[in-house]
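**Q** Have a look at this one.
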2 protein chains.
Amino acid sequence: MHKDEKHLILLPGPPRELEPMFRESVKPYLRPFANGVILSHTVRTMGIGESAMEELVADLLEGENPTVAPYAKTGEALLRVSARAETAEQAERLCGPVLSELGKRLGDCVYGIDAKSIEQALVARLIACGKTLAVAESITGGYLAKRITDIPGASGCFACGIGSYSGDVKRHILGVKAETLEQYTAVSEQTAIEMAQNIRRMGGADFGLATTGYAGPATQTEPGGVSFVAIDSANGSRCEKVVTGRENDRDFNRYVTASRALDLVRLELR
Amino acid sequence: MHKDEKHLILLPGPPRELEPMFRESVKPYLRPFANGVILSHTVRTMGIGESAMEELVADLLEGENPTVAPYAKTGEALLRVSARAETAEQAERLCGPVLSELGKRLGDCVYGIDAKSIEQALVARLIACGKTLAVAESITGGYLAKRITDIPGASGCFACGIGSYSGDVKRHILGVKAETLEQYTAVSEQTAIEMAQNIRRMGGADFGLATTGYAGPATQTEPGGVSFVAIDSANGSRCEKVVTGRENDRDFNRYVTASRALDLVRLELR
């Protein structure tokens with residue numbers, strides 16, 4: 001191939017077509033032109049904002065090889081560590097110490113390195129531990145169960161899910177006490193915890209997980225983006241309040257609530 | 001503004017930022033340069049493949065104003081009708097007869113014109129009719145409930161959802177008979193119909209909807225992309241088999257199964 005030759009590679013737009021074509025044809029085609037390798041790892045976190053994360057690792061962001069770059073994804077922050085070297089092994093050796101330093105600084109916030117998603121990391125972990133999960137969803141209305149069952153093999157850890165949008169269903173199917181709903185309302189720590197306890201028992205699972213909240217858009221009587229996530233296990237119950245700050249972004253609020261619920265299980269599994 | 005002046009508009013990549021900027025700033029900025037208007041409507045269909053749809057409307061695809069163009073979306077086919085004219089009213093008048101002809105040819109397959117999705121069209125329709133829906137999901141494991149509750153106001157028609165991944169949950173929570181599971185297996189018309197009947201009763205809903213199937217990836221003992229969707233209502237029960245032809249594409253198979261289930265309710269509401 002002549003040094004001055006120009007190469008045009010035309011690819012279709014849809015990711016479903018483009019991605020395998022790039023992986024299977026373009027990448028091997030381009031490899032002979034490359035000078036060494038660039039190798040990346042992604043440190044994925046939950047429960048820490050992008051700016052707080054950046055502060056904790058500020059000095060490492062100035063490195064040149066490997067580089068460390070922060071990214072924000074929906075409801076989570078991640079860091080990409082990329083090294084350039086002559087061989088993949090050398091690049092790995094450059095990444096290693098930085099990845100381990102990031103792990104130390106970010107601690108429990110790290111849910112996985114090169115994990116595809118919190119649900120993928122969690123399902124793998126549950127299956128490895130032989131533990132099962134049952135979910136009761138109000139605000140997320142199926143989103144939590146959907147994300148768990150997105151993962152092939154989820155049947156190995158997913159006992160069942162109940163989506164209870166109305167107070168009636170919370171009472172009659174999930175068995176939340178009428179007094180709890182009256183005294184604390186459906187969107188409360190108390191209701192979330194009762195939902196988690198009851199779904200754990202109904203599903204015969206190791207963990208019961210529940211969500212309740214206001215997805216938005218906000219109305220005159222209800223805010224948006226406020227929710228409670230609760231977990232119940234042999235170790236007792238725990239609840240966390242999630243405030244997203246985006247009261248009209250229904251999809252974001254539901255996604256983030258589901259993510260934080262999944263993260264409760266991960267933290268319980270430590 | 002001088003006729004030969006060049007204008008560069010630079011926009012950020014993320015759709016969440018780009019779309020409102022384009023809508024609120026770029027579009028009004030560009031309007032004075034435009035010669036007339038182009039106006040589009042989208043005819044959305046379910047239950048017909050793109051090529052079958054194209055055959056039914058082949059002659060209309062040759063029109064020049066309005067143009068009619070077919071598109072494939074995940075699990076559905078749609079047609080975009082676009083007219084160019086001096087005013088929006090004139091463009092609407094050009095689209096009108098073509099839209100009505102497409103409606104005649106495609107009949108029940110059309111679930112909406114300019115609808116955002118089958119779930120959006122269905123939730124609007126259920127609320128308008130004052131009807132409620134309860135879902136029992138095996139293969140879709142929450143995806144169906146998630147898509148319904150994606151729509152603001154879904155609490156007006158969504159009674160409840162149960163995700164029953166295991167045979168145990170199908171029996172103990174959903175009350176599917178052990179004999180049905182043994183005789184026909186969990187992935188069968190009989191199981192789907194029993195799930196639909198039971199969830200309708202449990203949720204006290206007008207419609208009970210159920211999914212069961214193999215999401216994939218395919219294994220030695222199970223195919224992928226084969227499912228049953230069933231509906232139960234005061235008019236009795238009905239079941240449909242869905243074969244997607246993509247045995248390893250879990251997300252596609254789950255999405256398409258959920259879409260076809262939603263479509264059963266739409267057809268029942270006619």
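Just remember, in the structure tokens the first chain shown is A, the second B, etc., residues are 1-based per chain, and ligands are 1-based in the order shown.
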Residues of range 7-172 of chain B in helix (DSSP H, G or I) according to DSSP, as a PyMOL selection string?
**A** chain B and resi 15-33+50-56+58-62+88-109+118-129+143-149+154-156+167-172
**Q** Got time to write the residues from that selection, C-alpha atoms, as an mmCIF file, in the first residue's frame?
**A**
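Once written, out.cif looks like this:
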```cif
data_model
loop_
_atom_site.group_PDB
_atom_site.id
_atom_site.type_symbol
_atom_site.label_atom_id
_atom_site.label_comp_id
_atom_site.auth_asym_id
_atom_site.auth_seq_id
_atom_site.Cartn_x
_atom_site.Cartn_y
_atom_site.Cartn_z
ATOM 1 C CA PRO B 15 -29.119 15.169 22.481
ATOM 2 C CA ARG B 16 -30.327 16.479 25.843
ATOM 3 C CA GLU B 17 -28.426 19.718 25.204
ATOM 4 C CA LEU B 18 -28.595 19.835 21.427
ATOM 5 C CA GLU B 19 -32.328 19.325 20.984
ATOM 6 C CA PRO B 20 -33.645 22.237 23.060
ATOM 7 C CA MET B 21 -30.936 24.542 21.659
ATOM 8 C CA PHE B 22 -31.900 23.620 18.129
ATOM 9 C CA ARG B 23 -35.608 24.006 18.849
ATOM 10 C CA GLU B 24 -35.370 27.265 20.772
ATOM 11 C CA SER B 25 -32.521 29.088 19.063
ATOM 12 C CA VAL B 26 -31.440 27.583 15.764
ATOM 13 C CA LYS B 27 -34.859 26.953 14.253
ATOM 14 C CA PRO B 28 -36.149 30.535 14.751
ATOM 15 C CA TYR B 29 -32.775 31.844 13.537
ATOM 16 C CA LEU B 30 -32.996 29.822 10.331
ATOM 17 C CA ARG B 31 -36.651 30.534 9.607
ATOM 18 C CA PRO B 32 -36.096 33.858 7.725
ATOM 19 C CA PHE B 33 -33.797 32.042 5.267
ATOM 20 C CA GLU B 50 -41.612 -3.073 6.499
ATOM 21 C CA SER B 51 -41.630 -4.926 3.174
ATOM 22 C CA ALA B 52 -45.284 -6.003 3.453
ATOM 23 C CA MET B 53 -46.160 -2.404 4.290
ATOM 24 C CA GLU B 54 -44.201 -1.108 1.305
ATOM 25 C CA GLU B 55 -46.046 -3.473 -1.029
ATOM 26 C CA LEU B 56 -49.420 -2.218 0.144
ATOM 27 C CA ALA B 58 -45.971 1.051 -3.338
ATOM 28 C CA ASP B 59 -47.661 3.553 -5.711
ATOM 29 C CA LEU B 60 -47.842 6.213 -2.973
ATOM 30 C CA LEU B 61 -44.085 6.022 -2.388
ATOM 31 C CA GLU B 62 -43.603 7.571 -5.810
ATOM 32 C CA ALA B 88 -48.351 25.308 6.842
ATOM 33 C CA GLU B 89 -52.056 25.249 5.955
ATOM 34 C CA GLN B 90 -51.305 24.481 2.316
ATOM 35 C CA ALA B 91 -48.851 21.765 3.331
ATOM 36 C CA GLU B 92 -51.506 20.236 5.633
ATOM 37 C CA ARG B 93 -53.987 20.206 2.757
ATOM 38 C CA LEU B 94 -51.482 18.305 0.612
ATOM 39 C CA CYS B 95 -50.871 15.703 3.357
ATOM 40 C CA GLY B 96 -54.541 15.132 4.235
ATOM 41 C CA PRO B 97 -55.691 12.876 1.361
ATOM 42 C CA VAL B 98 -52.493 10.812 1.440
ATOM 43 C CA LEU B 99 -52.778 10.216 5.184
ATOM 44 C CA SER B 100 -56.340 9.094 4.791
ATOM 45 C CA GLU B 101 -55.465 6.770 1.903
ATOM 46 C CA LEU B 102 -52.644 5.229 3.972
ATOM 47 C CA GLY B 103 -55.088 4.730 6.825
ATOM 48 C CA LYS B 104 -57.455 2.852 4.493
ATOM 49 C CA ARG B 105 -54.762 0.595 3.081
ATOM 50 C CA LEU B 106 -53.053 -0.250 6.374
ATOM 51 C CA GLY B 107 -56.257 -0.486 8.422
ATOM 52 C CA ASP B 108 -55.862 -1.897 11.926
ATOM 53 C CA CYS B 109 -52.099 -1.920 11.637
ATOM 54 C CA ILE B 118 -47.313 2.394 21.136
ATOM 55 C CA GLU B 119 -47.254 2.888 24.919
ATOM 56 C CA GLN B 120 -47.992 6.588 24.598
ATOM 57 C CA ALA B 121 -50.882 5.922 22.194
ATOM 58 C CA LEU B 122 -52.228 3.136 24.400
ATOM 59 C CA VAL B 123 -52.061 4.985 27.728
ATOM 60 C CA ALA B 124 -53.862 7.971 26.181
ATOM 61 C CA ARG B 125 -56.527 5.657 24.794
ATOM 62 C CA LEU B 126 -57.006 3.712 28.054
ATOM 63 C CA ILE B 127 -57.381 6.922 30.046
ATOM 64 C CA ALA B 128 -59.843 8.334 27.508
ATOM 65 C CA CYS B 129 -61.942 5.136 27.818
ATOM 66 C CA TYR B 143 -40.140 -4.035 30.569
ATOM 67 C CA LEU B 144 -43.858 -3.891 29.789
ATOM 68 C CA ALA B 145 -44.693 -2.156 33.074
ATOM 69 C CA LYS B 146 -41.685 0.128 32.628
ATOM 70 C CA ARG B 147 -42.849 1.275 29.201
ATOM 71 C CA ILE B 148 -46.388 1.910 30.429
ATOM 72 C CA THR B 149 -45.216 3.868 33.469
ATOM 73 C CA ALA B 154 -49.982 6.235 33.570
ATOM 74 C CA SER B 155 -51.251 5.866 37.139
ATOM 75 C CA GLY B 156 -54.689 6.663 35.668
ATOM 76 C CA GLY B 167 -42.083 -21.248 37.936
ATOM 77 C CA ASP B 168 -42.439 -20.889 41.715
ATOM 78 C CA VAL B 169 -43.580 -17.289 41.413
ATOM 79 C CA LYS B 170 -45.923 -18.181 38.568
ATOM 80 C CA ARG B 171 -47.546 -20.737 40.853
ATOM 81 C CA HIS B 172 -47.433 -19.064 44.251
#
```
**Q** For a quick test of understanding: name the residues of chain B lying within 8 Å of chain A when counting only C-alpha atoms, and present them as a ChimeraX atom specification.
**A** /B:140-146,149-150,152,155,158-166,169,173,202-203,216-217,250-251
**Q** I need the residues of range 22-258 of chain B that end up classed as strand (DSSP E or B) by DSSP on the backbone, written out as a PyMOL selection string.
**A** chain B and resi 37-45+67-73+76-85+110-113+133-137+158-164+207-214+226-233+236-243
**Q** Residues within 8 Å of Tyr71 in chain B, please, as a PyMOL selection string. Count only C-alpha atoms; anything in the same chain fewer than 6 positions from it doesn't count.
**A** chain B and resi 50+77-80
